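Below is work_25.cif, which holds mmCIF, C-alpha atoms.
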data_entry
#
loop_
_atom_site.label_atom_id
_atom_site.label_comp_id
_atom_site.auth_asym_id
_atom_site.auth_seq_id
_atom_site.Cartn_x
_atom_site.Cartn_y
_atom_site.Cartn_z
CA MET P 55 0.00 0.00 0.00
CA TYR P 56 3.02 2.29 0.15
CA SER P 57 4.22 1.58 -3.37
CA GLY P 58 3.07 4.97 -4.59
CA LEU P 59 5.13 6.81 -1.98
CA LYS P 60 8.39 8.62 -2.64
CA VAL P 61 10.43 9.06 0.53
CA LEU P 62 13.62 11.06 1.07
CA LEU P 63 15.79 9.69 3.86
CA CYS P 64 18.57 11.91 5.12
CA ASP P 65 21.19 10.84 7.67
CA ASP P 66 24.97 11.16 7.74
CA SER P 67 25.25 7.60 9.10
CA LEU P 68 25.62 4.84 6.50
CA MET P 69 24.20 2.49 9.07
CA ILE P 70 20.95 4.43 9.45
CA ILE P 71 20.70 4.90 5.67
CA LYS P 72 21.00 1.14 5.18
CA LYS P 73 18.82 0.07 8.14
CA MET P 74 16.03 2.56 7.59
CA GLY P 75 16.25 2.22 3.82
CA ASP P 76 15.79 -1.54 4.21
CA MET P 77 12.84 -1.00 6.54
CA LEU P 78 11.16 1.42 4.11
CA ARG P 79 11.71 -0.88 1.15
CA SER P 80 10.51 -3.95 3.04
CA LEU P 81 7.35 -2.04 3.96
CA GLY P 82 6.84 -1.61 0.22
CA VAL P 83 7.71 2.07 -0.22
CA GLY P 84 8.06 2.62 -3.97
CA VAL P 85 10.94 5.10 -4.10
CA VAL P 86 13.52 5.65 -1.36
CA GLN P 87 15.99 8.46 -2.03
CA THR P 88 18.91 9.09 0.30
CA ALA P 89 21.03 12.08 1.26
CA LEU P 90 24.06 12.13 3.55
CA ASP P 91 23.91 15.70 4.82
CA GLY P 92 21.51 18.61 5.22
CA GLU P 93 22.65 20.40 2.08
CA GLN P 94 22.10 17.32 -0.11
CA ALA P 95 18.67 16.86 1.49
CA VAL P 96 17.55 20.37 0.54
CA ARG P 97 18.90 19.97 -3.00
CA LEU P 98 17.24 16.58 -3.49
CA PHE P 99 13.96 17.82 -2.04
CA LYS P 100 13.81 20.68 -4.54
CA LEU P 101 14.68 18.34 -7.40
CA SER P 102 12.36 15.46 -6.72
CA LYS P 103 9.58 16.74 -4.38
CA PRO P 104 9.23 13.60 -2.28
CA ASP P 105 5.96 12.83 -0.45
CA CYS P 106 7.76 12.67 2.86
CA VAL P 107 11.20 13.42 4.31
CA PHE P 108 13.05 11.84 7.25
CA LEU P 109 15.73 14.24 8.50
CA ASP P 110 18.48 13.44 10.95
CA GLN P 111 19.35 16.32 13.29
CA VAL P 112 23.13 16.14 13.79
CA MET P 113 24.72 16.31 10.30
CA PRO P 114 27.55 18.09 8.54
CA ASN P 115 26.90 20.85 5.94
CA LYS P 116 23.61 22.01 7.48
CA THR P 117 21.96 20.42 10.49
CA GLY P 118 18.58 18.75 10.23
CA LEU P 119 16.82 21.81 11.67
CA GLU P 120 18.57 24.12 9.19
CA ALA P 121 17.57 21.85 6.32
CA LEU P 122 14.01 21.67 7.69
CA LYS P 123 13.79 25.46 7.72
CA GLU P 124 14.89 25.67 4.08
CA ILE P 125 12.61 22.88 2.92
CA ILE P 126 9.58 24.43 4.62
CA SER P 127 10.37 27.89 3.27
CA TYR P 128 10.61 26.37 -0.23
CA HIS P 129 7.45 24.32 0.14
CA SER P 130 5.33 25.11 3.20
CA ASP P 131 3.29 21.90 2.90
CA ALA P 132 6.32 19.60 2.91
CA ILE P 133 5.83 16.59 5.18
CA VAL P 134 9.02 16.30 7.22
CA PHE P 135 9.74 14.07 10.21
CA MET P 136 12.84 14.60 12.30
CA LEU P 137 14.93 11.61 13.18
CA SER P 138 17.38 11.85 16.04
CA SER P 139 18.81 10.25 19.14
CA MET P 140 18.70 13.71 20.70
CA GLY P 141 14.94 13.95 21.21
CA THR P 142 14.95 16.56 23.96
CA ILE P 143 11.79 18.55 24.56
CA ALA P 144 13.56 21.70 23.36
CA LYS P 145 14.59 20.03 20.09
CA ARG P 146 11.12 18.56 19.55
CA ASP P 147 9.49 21.95 20.20
CA GLU P 148 11.88 23.71 17.85
CA ALA P 149 11.28 21.14 15.10
CA GLU P 150 7.53 21.51 15.52
CA ARG P 151 7.79 25.31 15.46
CA LEU P 152 9.77 25.11 12.23
CA GLY P 153 7.09 22.94 10.64
CA ALA P 154 8.11 19.32 11.25
CA ARG P 155 5.16 16.91 11.46
CA GLY P 156 6.81 14.79 14.11
CA PHE P 157 9.99 13.63 15.80
CA LEU P 158 11.26 10.05 15.81
CA GLN P 159 13.58 9.10 18.64
CA LYS P 160 16.41 6.77 17.60
CA PRO P 161 16.67 3.82 17.58
CA VAL P 162 13.71 3.74 15.21
CA SER P 163 11.65 0.58 14.75
CA ALA P 164 9.73 -0.61 11.67
CA ASP P 165 6.53 0.04 13.65
CA ASP P 166 7.53 3.69 14.16
CA ILE P 167 8.05 4.06 10.42
CA LYS P 168 4.76 2.35 9.62
CA THR P 169 2.92 4.75 11.92
CA VAL P 170 4.55 7.69 10.15
CA LEU P 171 3.74 6.34 6.68
CA GLU P 172 0.08 5.94 7.71
CA LEU P 173 0.04 9.59 8.78
CA VAL P 174 1.61 10.63 5.48
CA ILE P 175 -0.94 8.70 3.44
CA ALA P 176 -3.83 10.08 5.51
CA GLU P 177 -2.57 13.62 4.98
CA LEU P 178 -1.99 13.18 1.24
CA GLU P 179 -5.42 11.61 0.74
CA ASP P 180 -7.03 14.30 2.82
CA LYS P 181 -5.36 16.94 0.71
CA THR P 182 -6.37 15.45 -2.64
CA GLY P 183 -9.67 13.92 -1.55
CA LYS P 184 -8.68 10.75 -3.37
CA ASP P 185 -7.94 7.21 -2.28
CA LEU P 186 -4.40 7.43 -3.55
CA PHE P 187 -2.47 4.57 -2.11
CA LYS P 188 -4.84 1.75 -1.25
CA GLU P 189 -4.29 -1.28 -3.43
CA MET I 546 25.09 -3.15 35.78
CA LEU I 547 25.74 -4.58 39.24
CA THR I 548 26.61 -7.89 37.59
CA GLN I 549 29.39 -6.24 35.60
CA LEU I 550 30.71 -4.47 38.70
CA PHE I 551 30.56 -7.75 40.59
CA GLY I 552 32.62 -9.33 37.79
CA ASN I 553 35.24 -6.63 38.24
CA TYR I 554 35.17 -7.21 42.01
CA LEU I 555 35.94 -10.91 41.51
CA LEU I 556 38.90 -9.95 39.33
CA LYS I 557 40.28 -7.31 41.66
CA GLN I 558 40.03 -9.62 44.65
CA HIS I 559 41.93 -12.23 42.60
CA LEU I 560 39.06 -14.66 43.13
CA VAL I 561 39.03 -15.52 39.43
CA SER I 562 41.44 -15.01 36.57
CA PRO I 563 40.51 -12.75 33.63
CA SER I 564 40.32 -15.74 31.28
CA HIS I 565 38.04 -17.70 33.63
CA LEU I 566 35.80 -14.68 34.02
CA ILE I 567 35.59 -14.20 30.24
CA GLU I 568 34.78 -17.90 29.86
CA ALA I 569 32.00 -17.65 32.47
CA LEU I 570 30.58 -14.48 30.89
CA ARG I 571 30.50 -16.25 27.52
CA GLU I 572 28.63 -19.16 29.00
CA SER I 573 26.24 -17.03 31.03
CA SER I 574 23.54 -17.05 28.37
CA SER I 575 23.24 -20.83 28.63
CA THR I 576 23.73 -21.12 32.38
CA ARG I 577 20.86 -21.93 34.71
CA VAL I 578 21.21 -20.83 38.31
CA LYS I 579 20.71 -23.74 40.69
CA LEU I 580 18.61 -23.56 43.78
CA GLY I 581 21.65 -23.87 46.07
CA VAL I 582 23.22 -20.66 44.77
CA LEU I 583 19.88 -18.87 44.99
CA ALA I 584 19.41 -19.97 48.61
CA ILE I 585 22.92 -18.90 49.61
CA ASP I 586 22.54 -15.53 47.90
CA ALA I 587 19.28 -14.93 49.77
CA GLY I 588 20.97 -15.88 53.05
CA LEU I 589 18.53 -18.75 53.59
CA MET I 590 21.11 -21.53 53.54
CA THR I 591 24.82 -21.84 54.28
CA PRO I 592 27.29 -23.24 51.73
CA ASP I 593 27.74 -26.30 53.99
CA GLN I 594 24.01 -26.98 53.96
CA VAL I 595 23.93 -26.70 50.17
CA ASP I 596 26.88 -29.09 49.86
CA GLU I 597 25.08 -31.49 52.17
CA ILE I 598 21.98 -31.39 49.94
CA HIS I 599 24.12 -31.95 46.85
CA GLU I 600 25.70 -34.99 48.52
CA LEU I 601 22.26 -36.32 49.45
CA GLN I 602 21.07 -35.86 45.89
CA ARG I 603 23.92 -38.02 44.69
CA ILE I 604 22.58 -40.98 46.63
CA MET I 605 18.85 -40.25 46.58
CA ASP I 606 16.78 -39.89 43.46
CA LYS I 607 14.94 -36.78 44.56
CA ARG I 608 14.62 -33.22 43.36
CA ILE I 609 16.90 -30.78 45.10
CA GLY I 610 14.02 -28.55 46.20
CA ASP I 611 12.23 -31.49 47.80
CA LEU I 612 15.37 -32.43 49.70
CA MET I 613 15.75 -28.85 50.98
CA VAL I 614 12.17 -28.91 52.25
CA GLU I 615 12.57 -32.39 53.77
CA LYS I 616 15.67 -31.30 55.66
CA GLY I 617 13.75 -28.28 56.92
CA TYR I 618 16.06 -25.71 55.32
CA LEU I 619 13.43 -24.08 53.12
CA SER I 620 9.67 -23.93 52.78
CA PRO I 621 7.97 -24.62 49.42
CA GLU I 622 7.01 -20.93 49.35
CA GLN I 623 10.64 -19.85 49.79
CA ILE I 624 11.66 -22.13 46.93
CA ALA I 625 9.01 -20.58 44.67
CA THR I 626 10.28 -17.09 45.54
CA LEU I 627 13.91 -18.10 44.95
CA LEU I 628 13.17 -19.54 41.54
CA LYS I 629 11.86 -16.16 40.46
CA SER I 630 15.35 -14.68 40.87
CA GLN I 631 16.89 -17.37 38.68
CA LYS I 632 17.53 -14.90 35.86
CA SER I 633 19.61 -12.54 37.99
CA GLY I 634 22.87 -11.74 36.18
CA HIS I 635 25.30 -11.90 39.10
CA LEU I 636 23.97 -15.28 40.15
CA ILE I 637 24.20 -16.61 36.60
CA LEU I 638 27.81 -15.44 36.49
CA GLY I 639 28.51 -17.10 39.85
CA GLN I 640 26.86 -20.32 38.76
CA ALA I 641 28.91 -20.43 35.55
CA LEU I 642 32.11 -20.01 37.59
CA ILE I 643 31.04 -22.76 39.99
CA ASP I 644 30.02 -25.08 37.13
CA ASN I 645 33.40 -24.59 35.48
CA GLY I 646 35.17 -25.42 38.72
CA HIS I 647 36.77 -21.99 39.04
CA MET I 648 35.05 -21.20 42.35
CA THR I 649 33.50 -23.25 45.09
CA THR I 650 30.00 -22.56 46.35
CA ALA I 651 31.50 -21.30 49.60
CA GLN I 652 33.91 -18.92 47.81
CA PHE I 653 31.02 -17.53 45.80
CA ALA I 654 28.92 -17.08 48.94
CA ASP I 655 31.76 -15.17 50.61
CA ALA I 656 32.39 -13.02 47.55
CA ILE I 657 28.78 -11.99 47.07
CA ARG I 658 28.37 -11.24 50.80
CA GLN I 659 31.53 -9.13 50.86
CA PHE I 660 30.57 -7.33 47.63
CA LYS I 661 27.17 -6.39 49.10
CA LEU I 662 28.82 -5.26 52.36
CA ASP I 663 31.56 -3.21 50.67
CA ASN I 664 29.04 -1.43 48.48
CA ASN I 665 26.31 -1.17 51.06
CA ILE I 666 23.74 -2.81 48.81
CA THR I 667 20.86 -5.10 49.57
CA ASP I 668 19.40 -8.10 47.77
CA ASP I 669 16.58 -5.91 46.48
CA ASP I 670 19.11 -3.57 44.87
CA PHE I 671 20.25 -6.44 42.66
CA TYR I 672 16.77 -7.01 41.35
CA ASP I 673 15.66 -3.42 40.98
CA VAL I 674 18.76 -1.40 40.19
CA LYS I 675 18.14 2.30 40.62
CA ASP I 676 20.11 4.89 38.63
CA GLU I 677 21.25 6.64 41.81
CA LEU I 678 22.78 3.44 43.15
CA THR I 679 24.63 2.67 39.91
CA GLU I 680 25.89 6.24 39.75
CA LYS I 681 27.06 6.13 43.35
CA MET I 682 28.87 2.84 42.80
CA LEU I 683 30.46 3.98 39.55
CA GLY I 684 31.52 7.28 41.13
CA ARG I 685 33.31 5.31 43.81
CA PHE I 686 34.65 2.76 41.34
CA TYR I 687 36.22 5.41 39.10
CA LYS I 688 36.97 7.79 41.99
CA LEU I 689 34.88 10.53 40.40
CA ASN I 690 33.70 12.49 43.39
CA GLY I 691 32.67 15.67 41.64
CA SER I 692 35.67 17.62 42.92
CA VAL I 693 36.59 18.61 39.35
CA ALA I 694 34.02 20.65 37.43
CA GLY I 695 31.96 18.44 35.15
CA GLU I 696 32.82 15.21 36.96
CA GLU I 697 29.29 14.84 38.26
CA HIS I 698 28.11 14.62 34.66
CA LEU I 699 30.80 12.05 33.88
CA VAL I 700 29.27 9.65 36.38
CA GLU I 701 25.88 10.06 34.70
CA TYR I 702 27.53 9.67 31.32
CA VAL I 703 29.24 6.40 32.22
CA SER I 704 26.22 5.02 34.03
CA LEU I 705 24.09 5.58 30.92
CA LEU I 706 26.89 4.24 28.72
CA PHE I 707 26.86 0.89 30.54
CA LYS I 708 23.08 0.75 30.30
CA ASN I 709 23.29 1.40 26.56
CA LEU I 710 26.04 -1.19 26.14
CA ILE I 711 23.84 -3.77 27.85
CA ARG I 712 20.84 -2.67 25.79
CA PHE I 713 22.45 -2.42 22.37
CA VAL I 714 25.62 -4.56 22.44
CA GLY I 715 25.54 -7.15 25.22
CA ASP I 716 26.00 -7.70 28.96
CA ASP I 717 29.07 -9.95 28.68
CA PHE I 718 31.59 -7.36 29.86
CA VAL I 719 33.29 -6.06 32.95
CA PRO I 720 34.22 -2.41 33.43
CA ASN I 721 37.86 -1.86 34.19
CA LYS I 722 40.21 0.89 35.23
CA ILE I 723 42.91 2.20 32.97
CA GLU I 724 46.46 1.12 33.68
CA LYS I 725 48.35 2.83 30.92
CA LEU I 726 46.96 5.20 28.34
CA ASP I 727 48.26 5.34 24.79
CA THR I 728 48.74 8.76 23.31
CA THR I 729 46.77 7.82 20.22
CA ALA I 730 43.42 6.21 19.64
CA SER I 731 41.59 4.73 16.69
CA GLY I 732 37.84 4.88 16.33
CA ALA I 733 34.82 7.17 16.48
CA LYS I 734 34.83 10.68 17.90
CA GLN I 735 32.07 13.18 18.67
CA ARG I 736 32.21 16.58 20.28
CA ILE I 737 29.68 17.75 22.85
CA ARG I 738 29.30 21.51 23.25
CA HIS I 739 27.02 24.27 24.47
CA GLY I 740 25.86 23.25 28.00
CA LEU I 741 28.87 20.98 28.42
CA SER I 742 32.14 20.87 26.60
CA ALA I 743 33.70 17.48 25.96
CA ILE I 744 35.11 15.20 23.30
CA THR I 745 33.90 11.62 23.37
CA ILE I 746 35.78 8.75 21.75
CA ILE I 747 35.35 4.99 21.23
CA ASP I 748 38.73 3.31 20.77
CA ALA I 749 39.43 -0.37 20.08
CA ASP I 750 41.39 -2.62 17.76
CA GLU I 751 39.95 -3.62 14.39
CA ASN I 752 38.65 -7.08 15.30
CA THR I 753 36.93 -5.74 18.39
CA MET I 754 35.33 -2.96 16.35
CA VAL I 755 33.97 -5.51 13.86
CA GLU I 756 32.36 -7.62 16.59
CA PHE I 757 31.02 -4.54 18.42
CA ALA I 758 29.50 -3.22 15.19
CA SER I 759 28.08 -6.65 14.31
CA ARG I 760 26.23 -6.82 17.58
CA PHE I 761 25.03 -3.22 17.48
CA SER I 762 23.78 -3.48 13.90
CA ASN I 763 22.50 -7.03 14.33
CA GLU I 764 24.40 -8.06 11.25
CA SER I 765 27.27 -10.39 10.62
CA LEU I 766 30.13 -8.07 9.64
CA SER I 767 33.55 -9.42 8.78
CA MET I 768 35.85 -6.46 8.21
CA ASN I 769 36.44 -2.96 9.53
CA ASP I 770 35.12 -1.25 6.40
CA ASP I 771 33.19 2.01 6.03
CA TYR I 772 29.94 0.38 7.10
CA THR I 773 31.47 -1.07 10.27
CA LYS I 774 32.98 2.33 11.06
CA ALA I 775 29.58 3.94 10.49
CA CYS I 776 28.04 1.51 12.99
CA ILE I 777 30.64 2.35 15.63
CA SER I 778 30.16 6.07 15.02
CA GLU I 779 26.38 5.69 15.18
CA PHE I 780 26.61 3.93 18.54
CA LEU I 781 28.54 6.92 19.89
CA ASN I 782 26.01 9.32 18.37
CA LEU I 783 23.08 7.33 19.75
CA HIS I 784 24.57 7.17 23.23
CA ASN I 785 25.46 10.88 23.25
CA GLY I 786 21.97 11.73 22.01
CA LEU I 787 20.36 9.71 24.78
CA PHE I 788 22.71 11.42 27.24
CA ALA I 789 21.48 14.79 25.92
CA VAL I 790 17.87 13.69 26.54
CA LYS I 791 18.76 12.60 30.07
CA LEU I 792 20.53 15.88 30.88
CA SER I 793 17.66 17.89 29.44
CA ASN I 794 14.96 15.94 31.28
CA ASN I 795 16.72 15.67 34.63
CA GLU I 796 18.53 18.97 34.88
CA GLY I 797 17.16 21.19 32.15
CA LEU I 798 20.69 21.31 30.72
CA GLU I 799 20.72 21.51 26.91
CA ILE I 800 23.76 20.34 24.97
CA GLU I 801 24.59 20.21 21.27
CA LEU I 802 26.36 17.45 19.39
CA GLU I 803 28.65 17.84 16.43
CA PRO I 804 28.59 15.21 13.67
CA GLN I 805 30.39 12.02 14.66
CA LYS I 806 33.42 10.94 12.67
CA TYR I 807 35.74 7.93 12.47
CA TYR I 808 39.51 8.35 12.60
CA GLU I 809 42.15 5.74 11.84
CA GLN I 810 44.40 7.59 14.25
CA MET I 811 43.68 10.35 16.73
CA ASP I 812 46.22 12.22 18.80
CA LEU I 813 44.97 12.35 22.38
CA SER I 814 47.55 14.80 23.64
CA GLY I 815 46.34 18.33 24.13
CA LEU I 816 42.68 17.29 24.45
CA GLY I 817 42.50 18.36 28.09
CA ASN I 818 41.76 16.07 31.03
CA LEU I 819 41.31 12.55 29.74
CA TYR I 820 38.94 10.17 31.47
CA VAL I 821 39.22 6.63 30.16
CA PHE I 822 36.63 3.94 30.83
CA PRO I 823 37.94 0.60 29.56
CA VAL I 824 35.34 -2.09 29.03
CA ASN I 825 36.46 -5.71 28.71
CA PHE I 826 33.96 -7.52 26.52
CA THR I 827 34.32 -11.25 25.97
CA PHE I 828 35.34 -10.44 22.38
CA GLY I 829 37.86 -7.68 23.12
CA ASN I 830 38.59 -4.47 24.97
CA VAL I 831 36.93 -1.15 24.16
CA ASN I 832 38.09 2.17 25.60
CA PHE I 833 35.51 4.90 26.04
CA ILE I 834 37.34 8.18 26.41
CA VAL I 835 35.98 11.53 27.50
CA ALA I 836 38.21 14.59 27.21
CA MET I 837 37.09 17.63 29.19
#

File written out as structure tokens:
Amino acid sequence: MYSGLKVLLCDDSLMIIKKMGDMLRSLGVGVVQTALDGEQAVRLFKLSKPDCVFLDQVMPNKTGLEALKEIISYHSDAIVFMLSSMGTIAKRDEAERLGARGFLQKPVSADDIKTVLELVIAELEDKTGKDLFKE
Amino acid sequence: MLTQLFGNYLLKQHLVSPSHLIEALRESSSTRVKLGVLAIDAGLMTPDQVDEIHELQRIMDKRIGDLMVEKGYLSPEQIATLLKSQKSGHLILGQALIDNGHMTTAQFADAIRQFKLDNNITDDDFYDVKDELTEKMLGRFYKLNGSVAGEEHLVEYVSLLFKNLIRFVGDDFVPNKIEKLDTTASGAKQRIRHGLSAITIIDADENTMVEFASRFSNESLSMNDDYTKACISEFLNLHNGLFAVKLSNNEGLEIELEPQKYYEQMDLSGLGNLYVFPVNFTFGNVNFIVAM
């Protein structure tokens, strides 16, 4: 049911890129794009307009929050979820204030991702009024 | 965590050799704690009484619990309660050492009694380990009494580190104290700044890194390649992130992390005060270093 989704996954850790990428693909997500720093994430977002973005917080060449700010200012409806081991209340509040839809505390499980994908689908269907992703 | 500190205690008291301890830690996952060890640990039976029951069992075809009740040492209710503590780590470790013939039941009984006395801990502490207790014990263990600025956070840092090691890598380790520090290290590094200023490092040899990363990633890795290095770095990042959450929740102290990075060789000189926390896993030694 997620085959129509295009997801951008951004983390400077090869381990997270592989682990989360595998989780997304095994859940059936159609397209998984990856970026290794905040700058790449912003560039890829503008190029490919993914349905949803997972953004790590601590990264070189633009932090996750800096990238979030740029993505939201480029496209205010962008669906972005932060992804970090540093899920302090201050960081969560700041991410929310900057327009993130949610905050995933690492280590992230397949269930966490599934919950997020459900939210993404609900929002996209709500926006278009169509049953977009049910198969 | 008390199990790991107990392991170190056995080493420091020369009650077991490092290789015997490693062997017992390796076997812990398949060791079942026997009723005799449980009864001694709870102070319900003496080692002599347990030996007597073991002797009796050799000649009588009866269950050990039934013999203990028949001899009037324990009630059926006490046996039921004891069996509930069968999964306790320090007892499993003790049982493995006894099974391997590296300690007698009496030596184990003495060691565990002395360890509890020295650290002022009760039986309940073993089964419901509170953060404050672990921090107090680790503070004493590493002689971090808060006299140097930032040391109080170091105790919290190490206490959480051991919890995360048990959670994400394995409990088959003993913490150690540094004897001699090299001037260089090889491994992952991450800087903490803002509310606290420190550099954190994981240092180990290549084979140890591969096994550590295999366990953390739940994959079977065979060489110290970029992926293995990314796993090691991510463990450091995960631990530091969880430390940031703890500091923020408990003390309202906010810290920032810089991106983690892996170095083939790092020069440790000039990094400030170095605090080294060596951890002896059954597969190799890992140094966790904090420079403040």

On this structure, the PyMOL selection byres ((chain P) within 7 of (chain I)) would catch which residues? List them as a list in words, sorted by chain and number. Ser67, Leu68, Met69, Val112, Met113, Pro114, Ser139, Met140, Gly141 and Thr142 of chain P

Calculated over only C-alpha atoms, which of the candidates P:Phe157, P:His129, P:Arg97, P:Lys168 has the smallest distance to P:Tyr56?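 Answer, going by the shortest atom-to-atom distance: P:Lys168.
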
Expected residue set, 12 Å radius at (43.8, -6.8, 14.1), all atoms listed in the file, as a tab-separated table (two decimals) with C-alpha atoms, in the coordinates of the input:
chain	number	residue	atom	x	y	z
I	749	ALA	CA	39.43	-0.37	20.08
I	750	ASP	CA	41.39	-2.62	17.76
I	751	GLU	CA	39.95	-3.62	14.39
I	752	ASN	CA	38.65	-7.08	15.30
I	753	THR	CA	36.93	-5.74	18.39
I	754	MET	CA	35.33	-2.96	16.35
I	755	VAL	CA	33.97	-5.51	13.86
I	756	GLU	CA	32.36	-7.62	16.59
I	767	SER	CA	33.55	-9.42	8.78
I	768	MET	CA	35.85	-6.46	8.21
I	769	ASN	CA	36.44	-2.96	9.53
I	829	GLY	CA	37.86	-7.68	23.12

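If you measure from each of P:Met55, P:Leu81, P:Val174, P:Leu137 to P:Leu109 using all atoms listed in the file, the closest one turns out to be P:Leu137.
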
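Using all atoms listed in the file, the protein and nucleic acid residues lying no more than 6 Å from stretch 554-569 of chain I, apart from those fewer than 2 places from it along its own chain, are Phe551, Gly552, Arg571, Glu572, Ser573, Ala641, Leu642 and Thr827 of chain I.
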
Same residues, C-alpha atoms, saved as a tab-separated table (two decimals), in the frame of the given file:
chain	number	residue	atom	x	y	z
I	551	PHE	CA	30.56	-7.75	40.59
I	552	GLY	CA	32.62	-9.33	37.79
I	571	ARG	CA	30.50	-16.25	27.52
I	572	GLU	CA	28.63	-19.16	29.00
I	573	SER	CA	26.24	-17.03	31.03
I	641	ALA	CA	28.91	-20.43	35.55
I	642	LEU	CA	32.11	-20.01	37.59
I	827	THR	CA	34.32	-11.25	25.97
